[in-house]
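Below is the file input_33.cif, which contains mmCIF, C-alpha atoms.
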```cif
data_target
#
loop_
_atom_site.label_atom_id
_atom_site.label_comp_id
_atom_site.auth_asym_id
_atom_site.auth_seq_id
_atom_site.Cartn_x
_atom_site.Cartn_y
_atom_site.Cartn_z
CA MET W 18 103.60 111.45 90.52
CA ALA W 19 107.35 110.89 90.62
CA ALA W 20 108.72 108.54 93.28
CA PRO W 21 110.35 111.21 95.51
CA ASP W 22 107.21 113.36 95.43
CA ALA W 23 104.91 110.42 96.24
CA LEU W 24 107.01 109.21 99.18
CA GLU W 25 107.45 112.76 100.47
CA LEU W 26 103.67 113.22 100.35
CA LEU W 27 103.07 110.02 102.33
CA THR W 28 105.75 110.81 104.89
CA SER W 29 104.27 114.27 105.36
CA LEU W 30 100.78 112.80 105.78
CA ILE W 31 102.02 110.39 108.45
CA GLY W 32 103.64 113.34 110.21
CA ARG W 33 100.31 115.20 110.16
CA ALA W 34 98.58 112.18 111.69
CA LYS W 35 101.12 111.97 114.50
CA ASP W 36 100.78 115.70 115.12
CA ALA W 37 97.03 115.12 115.45
CA GLY W 38 97.62 112.51 118.16
CA ALA W 39 98.25 109.21 116.39
CA ASP W 40 100.77 106.82 117.95
CA GLY W 41 101.65 105.38 114.55
CA ALA W 42 100.45 105.36 110.97
CA ASP W 43 101.02 104.05 107.49
CA ALA W 44 99.90 105.42 104.14
CA VAL W 45 99.65 104.08 100.63
CA LEU W 46 99.28 105.83 97.27
CA PHE W 47 98.17 104.18 94.03
CA SER W 48 98.70 106.15 90.82
CA SER W 49 97.38 104.39 87.74
CA ALA W 50 96.64 104.81 84.07
CA ALA W 51 94.80 102.35 81.82
CA VAL W 52 93.78 102.12 78.19
CA ASN W 53 91.26 99.67 76.74
CA LEU W 54 90.34 99.32 73.06
CA THR W 55 87.39 97.22 71.90
CA GLN W 56 86.72 95.77 68.45
CA ARG W 57 83.67 93.85 67.19
CA LEU W 58 82.79 92.45 63.77
CA GLY W 59 85.66 94.24 62.13
CA LYS W 60 84.79 97.66 63.51
CA SER W 61 86.24 99.65 66.36
CA GLU W 62 83.76 100.08 69.22
CA GLY W 63 85.83 102.62 71.07
CA ILE W 64 88.86 103.33 73.17
CA GLU W 65 88.80 104.36 76.81
CA ARG W 66 91.55 105.85 78.94
CA SER W 67 91.39 106.33 82.68
CA GLU W 68 93.80 107.83 85.17
CA SER W 69 93.45 107.88 88.92
CA THR W 70 95.25 108.64 92.16
CA ASP W 71 94.01 106.96 95.33
CA LEU W 72 95.36 107.59 98.80
CA GLY W 73 94.82 105.55 101.95
CA LEU W 74 95.82 106.43 105.51
CA ARG W 75 95.73 104.08 108.50
CA VAL W 76 96.33 105.47 111.99
CA PHE W 77 96.74 103.82 115.39
CA ILE W 78 95.98 105.10 118.87
CA GLY W 79 96.90 102.36 121.28
CA LYS W 80 95.13 99.23 120.05
CA ARG W 81 92.55 101.20 118.07
CA GLN W 82 92.84 101.83 114.36
CA ALA W 83 91.02 103.68 111.61
CA VAL W 84 91.42 103.78 107.84
CA VAL W 85 90.41 106.67 105.59
CA SER W 86 90.86 107.21 101.87
CA SER W 87 90.78 110.10 99.42
CA THR W 88 91.46 111.01 95.82
CA ASP W 89 92.32 114.60 96.80
CA ILE W 90 96.01 115.08 97.55
CA LEU W 91 96.03 118.86 98.01
CA PRO W 92 97.59 120.04 101.31
CA LYS W 93 94.31 121.19 102.91
CA ALA W 94 92.61 117.88 102.07
CA LEU W 95 95.52 115.92 103.53
CA GLU W 96 95.38 117.88 106.77
CA GLU W 97 91.66 117.17 107.09
CA LEU W 98 92.26 113.51 106.24
CA ALA W 99 94.81 113.11 109.03
CA GLU W 100 92.56 114.81 111.57
CA ARG W 101 89.51 112.76 110.55
CA ALA W 102 91.42 109.48 110.76
CA THR W 103 92.68 110.30 114.23
CA VAL W 104 89.22 111.19 115.49
CA MET W 105 87.86 107.95 114.06
CA ALA W 106 90.63 105.90 115.68
CA ARG W 107 89.80 107.32 119.10
CA ALA W 108 86.21 106.16 118.68
CA ALA W 109 87.05 102.73 117.23
CA PRO W 110 86.83 99.53 119.34
CA GLU W 111 90.10 98.04 120.53
CA ASP W 112 91.71 95.35 118.41
CA PRO W 113 94.46 93.52 120.34
CA TYR W 114 96.06 92.23 117.12
CA CYS W 115 96.27 95.41 115.03
CA GLY W 116 99.48 97.34 114.56
CA LEU W 117 102.33 98.14 112.21
CA ALA W 118 105.07 95.75 111.21
CA ASP W 119 108.12 95.94 113.45
CA ALA W 120 111.02 97.89 111.96
CA THR W 121 113.20 94.75 112.06
CA ASP W 122 110.74 92.90 109.77
CA LEU W 123 110.52 95.56 107.07
CA ALA W 124 112.08 95.08 103.64
CA THR W 125 115.55 96.58 103.41
CA GLY W 126 116.06 96.27 99.67
CA ILE W 127 113.91 96.42 96.55
CA PRO W 128 114.69 93.51 94.20
CA ASP W 129 114.53 94.05 90.45
CA LEU W 130 111.58 91.90 89.39
CA ASP W 131 111.24 93.41 85.88
CA ILE W 132 107.51 94.00 86.41
CA CYS W 133 107.23 97.27 84.51
CA ASP W 134 107.41 97.46 80.72
CA GLY W 135 108.02 101.19 80.69
CA VAL W 136 106.52 101.60 77.22
CA GLU W 137 102.89 102.55 76.69
CA PRO W 138 101.60 101.00 73.44
CA SER W 139 100.14 103.37 70.88
CA THR W 140 96.48 103.27 69.92
CA ALA W 141 97.54 101.80 66.58
CA THR W 142 99.35 98.96 68.35
CA LEU W 143 96.35 98.15 70.53
CA GLU W 144 94.04 98.27 67.52
CA ALA W 145 96.31 95.96 65.54
CA ARG W 146 96.31 93.43 68.39
CA ALA W 147 92.51 93.44 68.72
CA VAL W 148 91.91 93.31 64.95
CA ALA W 149 94.32 90.41 64.44
CA ALA W 150 92.76 88.40 67.28
CA GLU W 151 89.17 88.88 66.13
CA ASP W 152 89.94 88.34 62.46
CA ALA W 153 91.70 85.06 63.23
CA ALA W 154 88.81 83.89 65.42
CA ARG W 155 86.16 84.76 62.83
CA ALA W 156 88.17 82.98 60.13
CA VAL W 157 87.74 79.61 61.85
CA ALA W 158 85.21 77.48 59.99
CA GLY W 159 81.99 77.26 61.97
CA VAL W 160 82.33 80.60 63.77
CA THR W 161 79.21 82.66 63.05
CA ASN W 162 79.38 85.72 65.28
CA SER W 163 81.64 87.64 67.62
CA GLU W 164 81.34 89.09 71.08
CA GLY W 165 84.36 91.22 70.30
CA ALA W 166 88.04 91.55 71.03
CA ASP W 167 89.84 93.74 73.56
CA ALA W 168 93.39 95.01 73.74
CA SER W 169 94.47 96.74 76.92
CA TRP W 170 97.38 98.25 78.80
CA SER W 171 97.75 99.53 82.34
CA HIS W 172 100.44 101.02 84.54
CA THR W 173 100.29 101.37 88.31
CA ALA W 174 102.73 102.92 90.77
CA VAL W 175 102.43 101.73 94.38
CA SER W 176 103.98 103.86 97.13
CA LEU W 177 103.99 102.87 100.81
CA ALA W 178 105.33 104.61 103.89
CA THR W 179 105.06 103.83 107.61
CA SER W 180 105.90 105.66 110.80
CA GLU W 181 108.45 102.90 111.49
CA GLY W 182 110.68 104.43 108.82
CA PHE W 183 109.74 102.40 105.75
CA ALA W 184 109.24 104.31 102.49
CA ALA W 185 109.40 102.62 99.11
CA ARG W 186 107.66 102.43 95.76
CA TYR W 187 107.39 100.13 92.78
CA GLU W 188 105.74 100.29 89.37
CA ARG W 189 104.03 97.54 87.41
CA SER W 190 102.49 97.28 83.96
CA ARG W 191 100.17 94.83 82.25
CA HIS W 192 99.25 94.18 78.63
CA GLY W 193 96.26 92.09 77.59
CA ILE W 194 94.45 90.68 74.56
CA SER W 195 91.16 88.81 74.68
CA VAL W 196 88.55 87.64 72.16
CA ALA W 197 85.25 85.76 72.39
CA VAL W 198 83.28 84.33 69.47
CA LEU W 199 80.19 82.24 68.81
CA ALA W 200 79.77 79.14 66.70
CA GLY W 201 76.57 77.58 65.35
CA LYS W 202 73.18 79.14 64.73
CA GLY W 203 69.88 79.80 66.46
CA THR W 204 69.37 77.89 69.69
CA GLU W 205 72.43 75.75 69.02
CA MET W 206 75.04 78.47 69.40
CA GLU W 207 78.06 78.09 71.66
CA VAL W 208 80.53 80.73 72.84
CA ASP W 209 84.15 80.48 73.93
CA TYR W 210 87.15 82.72 74.37
CA ASP W 211 90.89 82.96 74.70
CA PHE W 212 93.26 85.61 75.97
CA SER W 213 96.81 86.48 76.89
CA SER W 214 98.05 88.72 79.70
CA ALA W 215 101.65 89.72 80.40
CA ILE W 216 103.74 92.30 82.22
CA HIS W 217 105.68 93.08 79.03
CA GLY W 218 104.04 93.48 75.67
CA ALA W 219 106.76 91.34 74.10
CA ASP W 220 105.60 88.38 76.22
CA LEU W 221 102.03 88.39 74.89
CA ASP W 222 100.91 85.45 72.80
CA ASP W 223 100.57 86.18 69.10
CA PRO W 224 97.11 87.77 68.57
CA THR W 225 96.42 85.51 65.60
CA ALA W 226 97.11 82.42 67.71
CA ILE W 227 94.82 83.73 70.45
CA GLY W 228 92.01 84.27 67.97
CA LYS W 229 92.44 80.89 66.33
CA ARG W 230 92.31 79.13 69.70
CA ALA W 231 89.14 81.01 70.66
CA GLY W 232 87.41 80.09 67.39
CA GLU W 233 88.41 76.44 67.59
CA LYS W 234 87.23 76.17 71.19
CA ALA W 235 83.82 77.61 70.30
CA VAL W 236 83.36 75.20 67.38
CA LYS W 237 84.37 72.17 69.48
CA ARG W 238 81.57 72.97 71.93
CA LEU W 239 78.84 72.58 69.32
CA GLY W 240 76.27 69.85 69.88
CA PRO W 241 76.80 69.23 73.61
CA ARG W 242 75.19 66.18 75.14
CA LYS W 243 73.95 65.36 78.59
CA VAL W 244 75.50 62.45 80.42
CA ALA W 245 74.16 60.15 83.07
CA SER W 246 75.20 60.72 86.68
CA ALA W 247 78.28 58.71 87.63
CA THR W 248 81.37 58.58 89.81
CA VAL W 249 84.32 59.00 87.43
CA PRO W 250 87.76 60.59 87.07
CA VAL W 251 87.59 64.31 86.32
CA VAL W 252 90.41 66.01 84.42
CA TYR W 253 90.75 69.78 84.88
CA ASP W 254 91.99 71.78 81.88
CA PRO W 255 94.66 74.35 82.92
CA ARG W 256 92.24 77.25 82.59
CA VAL W 257 90.05 75.73 85.35
CA SER W 258 92.64 73.71 87.30
CA ARG W 259 93.93 76.92 88.86
CA SER W 260 90.59 77.30 90.65
CA LEU W 261 91.64 74.43 92.94
CA LEU W 262 94.67 76.49 94.02
CA ARG W 263 92.39 79.43 94.77
CA HIS W 264 90.35 77.18 97.07
CA LEU W 265 93.57 76.06 98.77
CA ALA W 266 94.68 79.68 99.19
CA ALA W 267 91.35 80.55 100.81
CA ALA W 268 91.66 77.59 103.18
CA ILE W 269 95.20 78.49 104.31
CA ASN W 270 94.50 82.22 104.54
CA GLY W 271 95.66 83.27 108.00
CA ALA W 272 92.49 85.23 108.71
CA ALA W 273 90.31 82.16 108.08
CA VAL W 274 92.63 79.91 110.09
CA ALA W 275 92.67 82.34 113.02
CA ARG W 276 88.86 82.49 113.00
CA GLY W 277 88.63 78.71 112.78
CA THR W 278 86.61 78.93 109.58
CA SER W 279 88.80 76.71 107.39
CA PHE W 280 88.58 72.95 106.94
CA LEU W 281 92.42 72.96 106.99
CA LYS W 282 92.76 74.84 110.30
CA ASP W 283 94.41 71.81 111.96
CA ALA W 284 96.38 70.58 108.94
CA MET W 285 99.74 72.33 109.40
CA GLY W 286 102.55 69.85 108.78
CA LYS W 287 100.16 67.15 107.63
CA GLU W 288 100.10 65.43 104.25
CA ILE W 289 97.07 66.81 102.45
CA PHE W 290 98.22 66.14 98.87
CA ALA W 291 99.96 63.17 97.28
CA PRO W 292 103.69 62.99 98.17
CA ASN W 293 104.76 64.08 94.68
CA VAL W 294 102.80 67.38 94.79
CA THR W 295 104.62 70.67 95.41
CA ILE W 296 102.91 74.06 95.45
CA ILE W 297 104.92 77.30 95.46
CA ASP W 298 104.09 80.91 96.27
CA ASP W 299 106.76 83.26 94.95
CA PRO W 300 106.29 87.05 95.18
CA HIS W 301 109.68 87.60 93.53
CA ARG W 302 109.23 85.63 90.28
CA ARG W 303 110.61 87.79 87.46
CA ARG W 304 107.84 89.22 85.27
CA GLY W 305 105.26 87.38 87.37
CA LEU W 306 101.70 88.68 87.16
CA GLY W 307 101.48 88.62 90.96
CA SER W 308 105.04 89.76 91.72
CA LYS W 309 105.82 92.60 94.09
CA PRO W 310 108.99 93.59 95.97
CA PHE W 311 107.19 94.15 99.29
CA ASP W 312 103.73 93.50 100.64
CA GLY W 313 101.04 95.89 101.84
CA GLU W 314 102.79 96.34 105.20
CA GLY W 315 106.34 96.78 103.90
CA ILE W 316 107.55 93.20 104.41
CA GLY W 317 109.63 91.76 101.60
CA GLY W 318 108.27 88.22 101.40
CA GLN W 319 110.08 85.26 99.88
CA ARG W 320 109.58 82.13 97.79
CA ARG W 321 107.78 79.57 99.95
CA GLN W 322 106.80 75.95 99.50
CA VAL W 323 103.17 76.05 100.52
CA ILE W 324 102.95 72.32 99.88
CA SER W 325 106.18 70.31 100.02
CA ASN W 326 106.01 66.60 99.14
CA GLY W 327 102.29 66.76 99.83
CA LYS W 328 102.62 68.38 103.28
CA LEU W 329 101.24 71.77 104.24
CA GLY W 330 104.18 74.00 105.14
CA THR W 331 102.83 77.51 105.72
CA TRP W 332 99.81 79.70 106.18
CA LEU W 333 99.41 82.94 104.19
CA LEU W 334 99.81 85.60 106.89
CA ASP W 335 99.68 89.33 107.32
CA GLN W 336 100.60 91.04 110.60
CA ARG W 337 97.18 90.76 112.21
CA SER W 338 96.55 87.09 111.46
CA ALA W 339 100.14 86.24 112.40
CA ARG W 340 99.69 87.83 115.82
CA GLN W 341 96.44 85.96 116.35
CA LEU W 342 98.22 82.68 115.66
CA GLY W 343 101.38 83.55 117.59
CA LEU W 344 103.47 83.54 114.42
CA LYS W 345 105.33 86.01 112.18
CA SER W 346 103.94 87.50 108.99
CA THR W 347 104.84 85.63 105.81
CA GLY W 348 104.72 88.85 103.76
CA HIS W 349 101.32 88.18 102.19
CA ALA W 350 99.50 91.38 103.18
CA THR W 351 97.44 92.92 100.39
CA ARG W 352 96.44 96.55 100.78
CA GLY W 353 93.82 98.82 99.33
CA THR W 354 93.04 102.40 100.34
CA SER W 355 89.74 101.96 102.19
CA GLY W 356 90.45 99.09 104.58
CA PRO W 357 93.23 97.43 106.59
CA PRO W 358 95.54 94.86 104.97
CA SER W 359 94.50 91.24 104.60
CA PRO W 360 96.50 88.16 103.50
CA SER W 361 96.44 86.75 99.98
CA ALA W 362 98.67 84.74 97.64
CA THR W 363 101.08 86.24 95.09
CA ASN W 364 102.37 83.99 92.28
CA LEU W 365 100.86 80.70 93.40
CA TYR W 366 101.49 77.63 91.27
CA LEU W 367 101.48 73.85 91.36
CA GLU W 368 104.66 72.39 89.94
CA ALA W 369 104.39 70.28 86.80
CA GLY W 370 104.21 66.52 87.03
CA THR W 371 105.97 64.01 84.79
CA LEU W 372 103.13 62.71 82.59
CA SER W 373 101.83 64.40 79.46
CA PRO W 374 98.13 65.35 79.49
CA GLU W 375 97.52 62.51 77.01
CA ALA W 376 99.16 60.00 79.34
CA LEU W 377 97.25 61.39 82.31
CA ILE W 378 94.00 60.73 80.47
CA GLY W 379 95.07 57.58 78.63
CA ASP W 380 93.79 54.94 81.06
CA ILE W 381 90.39 56.56 81.73
CA LYS W 382 87.60 54.35 80.38
CA SER W 383 84.88 56.93 81.13
CA GLY W 384 85.40 60.37 82.60
CA LEU W 385 85.03 64.12 82.26
CA TYR W 386 87.47 66.62 80.77
CA LEU W 387 86.49 69.90 82.42
CA THR W 388 86.91 73.24 80.61
CA GLU W 389 84.39 75.54 82.33
CA LEU W 390 83.11 75.96 85.88
CA ILE W 391 79.99 77.88 86.88
CA GLY W 392 78.89 79.20 90.26
CA MET W 393 80.60 79.44 93.62
CA GLY W 394 79.47 76.25 95.36
CA VAL W 395 82.54 75.80 97.56
CA ASN W 396 82.37 75.85 101.36
CA ILE W 397 85.81 76.60 102.82
CA VAL W 398 84.55 75.88 106.36
CA THR W 399 83.64 72.26 105.54
CA GLY W 400 85.49 71.67 102.27
CA ASP W 401 82.30 70.69 100.45
CA TYR W 402 82.61 71.25 96.69
CA SER W 403 79.84 71.43 94.08
CA ARG W 404 79.98 73.47 90.89
CA GLY W 405 78.17 73.67 87.60
CA ALA W 406 80.38 72.62 84.72
CA SER W 407 80.83 71.84 81.05
CA GLY W 408 83.54 70.21 79.02
CA PHE W 409 84.09 66.99 77.07
CA TRP W 410 83.45 63.34 77.78
CA ILE W 411 86.40 60.96 77.89
CA GLU W 412 85.97 57.47 76.49
CA ASP W 413 88.72 54.84 76.30
CA GLY W 414 91.43 57.40 77.01
CA ALA W 415 90.36 59.93 74.37
CA ILE W 416 88.46 63.22 74.54
CA THR W 417 85.25 62.73 72.53
CA TYR W 418 82.04 64.77 72.48
CA PRO W 419 81.14 68.01 74.34
CA VAL W 420 78.93 67.83 77.44
CA SER W 421 77.03 70.53 79.33
CA GLU W 422 74.46 71.10 82.07
CA ILE W 423 76.32 68.97 84.58
CA THR W 424 77.55 69.38 88.14
CA VAL W 425 80.83 68.11 89.59
CA ALA W 426 80.94 67.45 93.32
CA GLY W 427 83.34 66.20 95.93
CA GLN W 428 85.12 67.12 99.15
CA LEU W 429 88.21 69.31 98.85
CA ALA W 430 90.26 67.31 101.35
CA GLU W 431 89.64 64.12 99.34
CA MET W 432 90.13 65.93 96.04
CA PHE W 433 93.51 67.30 97.13
CA ALA W 434 94.62 63.87 98.36
CA ASN W 435 93.73 62.23 95.03
CA LEU W 436 95.12 64.90 92.71
CA ALA W 437 97.67 64.09 90.00
CA ALA W 438 99.40 66.66 87.76
CA ALA W 439 100.47 66.63 84.12
CA ASP W 440 103.64 68.25 82.76
CA ASP W 441 102.04 71.21 80.94
CA LEU W 442 102.37 74.05 83.47
CA VAL W 443 102.30 77.49 81.79
CA PHE W 444 102.32 80.79 83.70
CA ARG W 445 99.27 82.65 82.36
CA TYR W 446 97.18 83.87 85.28
CA GLY W 447 99.25 84.57 88.40
CA THR W 448 97.65 81.51 90.00
CA ASP W 449 98.59 78.60 87.74
CA ALA W 450 98.38 74.83 87.56
CA PRO W 451 98.92 72.23 84.85
CA THR W 452 96.26 69.77 83.72
CA LEU W 453 95.04 67.98 86.85
CA ARG W 454 93.27 64.66 87.33
CA ILE W 455 91.10 63.72 90.32
CA ASP W 456 89.62 60.25 90.51
CA GLY W 457 86.35 59.35 92.17
CA MET W 458 84.41 62.57 91.72
CA THR W 459 80.65 62.73 91.36
CA VAL W 460 79.33 64.00 88.04
CA ALA W 461 75.61 64.76 88.19
CA GLY W 462 73.87 64.81 84.82
CA LYS W 463 70.54 63.57 83.50
#
```
Translate this structure into C-alpha cells?
Amino acid sequence: MAAPDALELLTSLIGRAKDAGADGADAVLFSSAAVNLTQRLGKSEGIERSESTDLGLRVFIGKRQAVVSSTDILPKALEELAERATVMARAAPEDPYCGLADATDLATGIPDLDICDGVEPSTATLEARAVAAEDAARAVAGVTNSEGADASWSHTAVSLATSEGFAARYERSRHGISVAVLAGKGTEMEVDYDFSSAIHGADLDDPTAIGKRAGEKAVKRLGPRKVASATVPVVYDPRVSRSLLRHLAAAINGAAVARGTSFLKDAMGKEIFAPNVTIIDDPHRRRGLGSKPFDGEGIGGQRRQVISNGKLGTWLLDQRSARQLGLKSTGHATRGTSGPPSPSATNLYLEAGTLSPEALIGDIKSGLYLTELIGMGVNIVTGDYSRGASGFWIEDGAITYPVSEITVAGQLAEMFANLAAADDLVFRYGTDAPTLRIDGMTVAGK
C-alpha cells in the first residue's frame, strides 16, 4: 500500500473510533513481503514468499484502553473494528498511566536513515548467495555434512497515525545469508554456523567468506574436552558478548524498573561498569539493523549514552513506564498490532576498548573463551546468572582446545563492574559488543 493510502486509511480508522465514542486513538499498519531460499548438499530445497498486511487499533475512553487487530482492511471490516475496540475499552479496567503521547513530544521530521534498499533481489541472486556460502563451507577440510544454507530478503512498511495529529511512515529492508555445517563422524560430530545480515544487499559479507568461517568453526570444535570446575577469567566472543547487553537492556527497561522487578531499579546515576565503559543506544544510526525514525508512539528518539564512563544515565522508556516513574518517554516504544506499546532498545552497542582481543587474553594463565551459550538462566530481579556454555580453554594467554558441557555463573552486577572490552566492535546484530573479558567467574565442569 502506498504511503498516502496507508496513512489515509489509518486516519479514517481513528475517525471511525472517535465517532464510536473514543476519546483518542492510534493505529498502526505493517505491510511486509519476504522471500527465503534454502539450499542443502548442493541442491535447492525450495523458495518461499510471503506477503502480509497487519493492522492494529488502540482506543482510549478516559483511562481505559483496548487494542484490536485485523488483517482485513476493507471498509466494512474497519467499521466493525472501530466499534469493537470502543466497546472493549468501555469494559476494560482503568489504567492511570495509559494514554497517547502529547502532541508536543511527537516527531516533527523524518530523518533519512537509509534503512531501505529499494531493490528486491532476484531468485537467481538469492540462489547464488546460498550456493556460494554452502559450497565454501563444505570445501573446508574436515566438514562432513551440511544443515543447509539460507538466503533471504524482506521489506516492511510501517505506518503510524494518532488522534493527536501524527501521521508518518517509513520502510525498511533486510538481506541475510546463513549456513550451518557439521564436522567429524558418528558420535563425534560437531556443528557450527555463520551468517551475515544487512539493510542493503551491498553491505552483506561475501558468501564465500561466510561459508569458510562456518566450516572452520565447526572443525575447530572437534574433540571437545571437559574441564574441572574453577573460578577463572571468561572471555566472551563477539557473537555471545552481545547477550550481556540484552541482559542490561532488560534490567533498565522502564516497565521492569516501574514494577520494581530489576536488580538495577535503584542504580540511576551510579557507576555500574568500569569508568572506561560507554554503552550507546542510537535509533538514528544510518543503515542500522535497529534504526527507525520514530518509535511506536510517534516519538522521534535520539542517540543516548545508556552508560557514560561506567555510570547509568537513562532508562529505556515508553509513555506508560515514563508516567509511572514521573519522567518523559525516551522514544523506546515498540509496537505490534495486538497489544499496547512496550519499551525496548534500538541499536544498542558497547563502544570498543583499546586492547586487541589477543592482548585482552594475553595474561590469562587459565580461562575460558566462550563461543556458545545455552539456556535462559538469568534472573533480572536478582541479577543471578547461570548458563550452559561451550567454547575453548585458554592456557598461558593462548586459545587451545575446545571444551563443552560446562556452565558459567556469576552475578550480573559484579560481572558488569569487572567487564573489560577489546577493540574489535563490528555492527552485525543490532545489539553489538566487542570481545569482552570478565574476571572471577565460576566455570562448572566435571
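For the file shown, the residue list from the PyMOL selection byres ((chain W and resi 27) around 9) reads Asp22, Ala23, Leu24, Glu25, Leu26, Thr28, Ser29, Leu30, Ile31, Gly32, Asp43, Ala44, Val45, Leu46, Leu72, Leu74, Ser176, Leu177, Ala178, Thr179 and Ala184 of chain W.
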Nearest candidate to Gly240 (chain W) (options W:Ser421, W:Phe444, W:Pro224, W:Glu68; using only C-alpha atoms):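 Result for the nearest residue to Gly240 (chain W): W:Ser421.
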Using all atoms listed in the file, which protein or nucleic acid residues come within 12 Å of Arg259 (chain W)? Drop anything in the same chain fewer than 5 positions from it, and give the result as a list in words. Tyr253, Asp254, His264, Leu265, Ala266, Ile296, Asn364, Leu365, Tyr366, Leu367, Glu368, Thr388, Glu389, Leu390, Ala438, Leu442, Val443, Phe444, Arg445, Tyr446, Gly447, Thr448, Asp449, Ala450, Pro451, Thr452 and Leu453 of chain W
Report the centre and edge lengths, in Å to one decimal, of an axis-aligned box enclosing every atom of region 39-54 of chain W listed in the file, padded by 4 Å on each side, as lines of an AutoDock Vina configuration file.
```
center_x = 96.0
center_y = 104.3
center_z = 95.5
size_x = 19.3
size_y = 17.9
size_z = 52.9
```
From the list W:Phe409, W:Phe290, W:Tyr210, W:Phe311, which residue is nearest Ala437 (chain W) when using all atoms listed in the file?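 Among the listed residues, the smallest separation from Ala437 (chain W) belongs to W:Phe290.
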Would you mind listing, for every residue of region 151-171 of chain W within 6 Å of region 52-60 of chain W, the two atoms forming the shortest contact and the distance between them in Å to one decimal, using all atoms listed in the file, sorted by chain and ascending residue number, as a Markdown table?
```
| residue | atom | partner | partner_atom | distance |
| --- | --- | --- | --- | --- |
| W:Gly165 | CA | W:Arg57 | CA | 4.1 |
| W:Ala166 | CA | W:Gln56 | CA | 5.1 |
| W:Asp167 | CA | W:Thr55 | CA | 4.6 |
| W:Ala168 | CA | W:Leu54 | CA | 5.3 |
| W:Ser169 | CA | W:Asn53 | CA | 4.3 |
| W:Trp170 | CA | W:Val52 | CA | 5.3 |
```
Selected residue of minimal separation from Ser338 (chain W) among W:Gly392, W:Tyr114, W:Ser213, W:Gly201, counting only C-alpha atoms: W:Tyr114
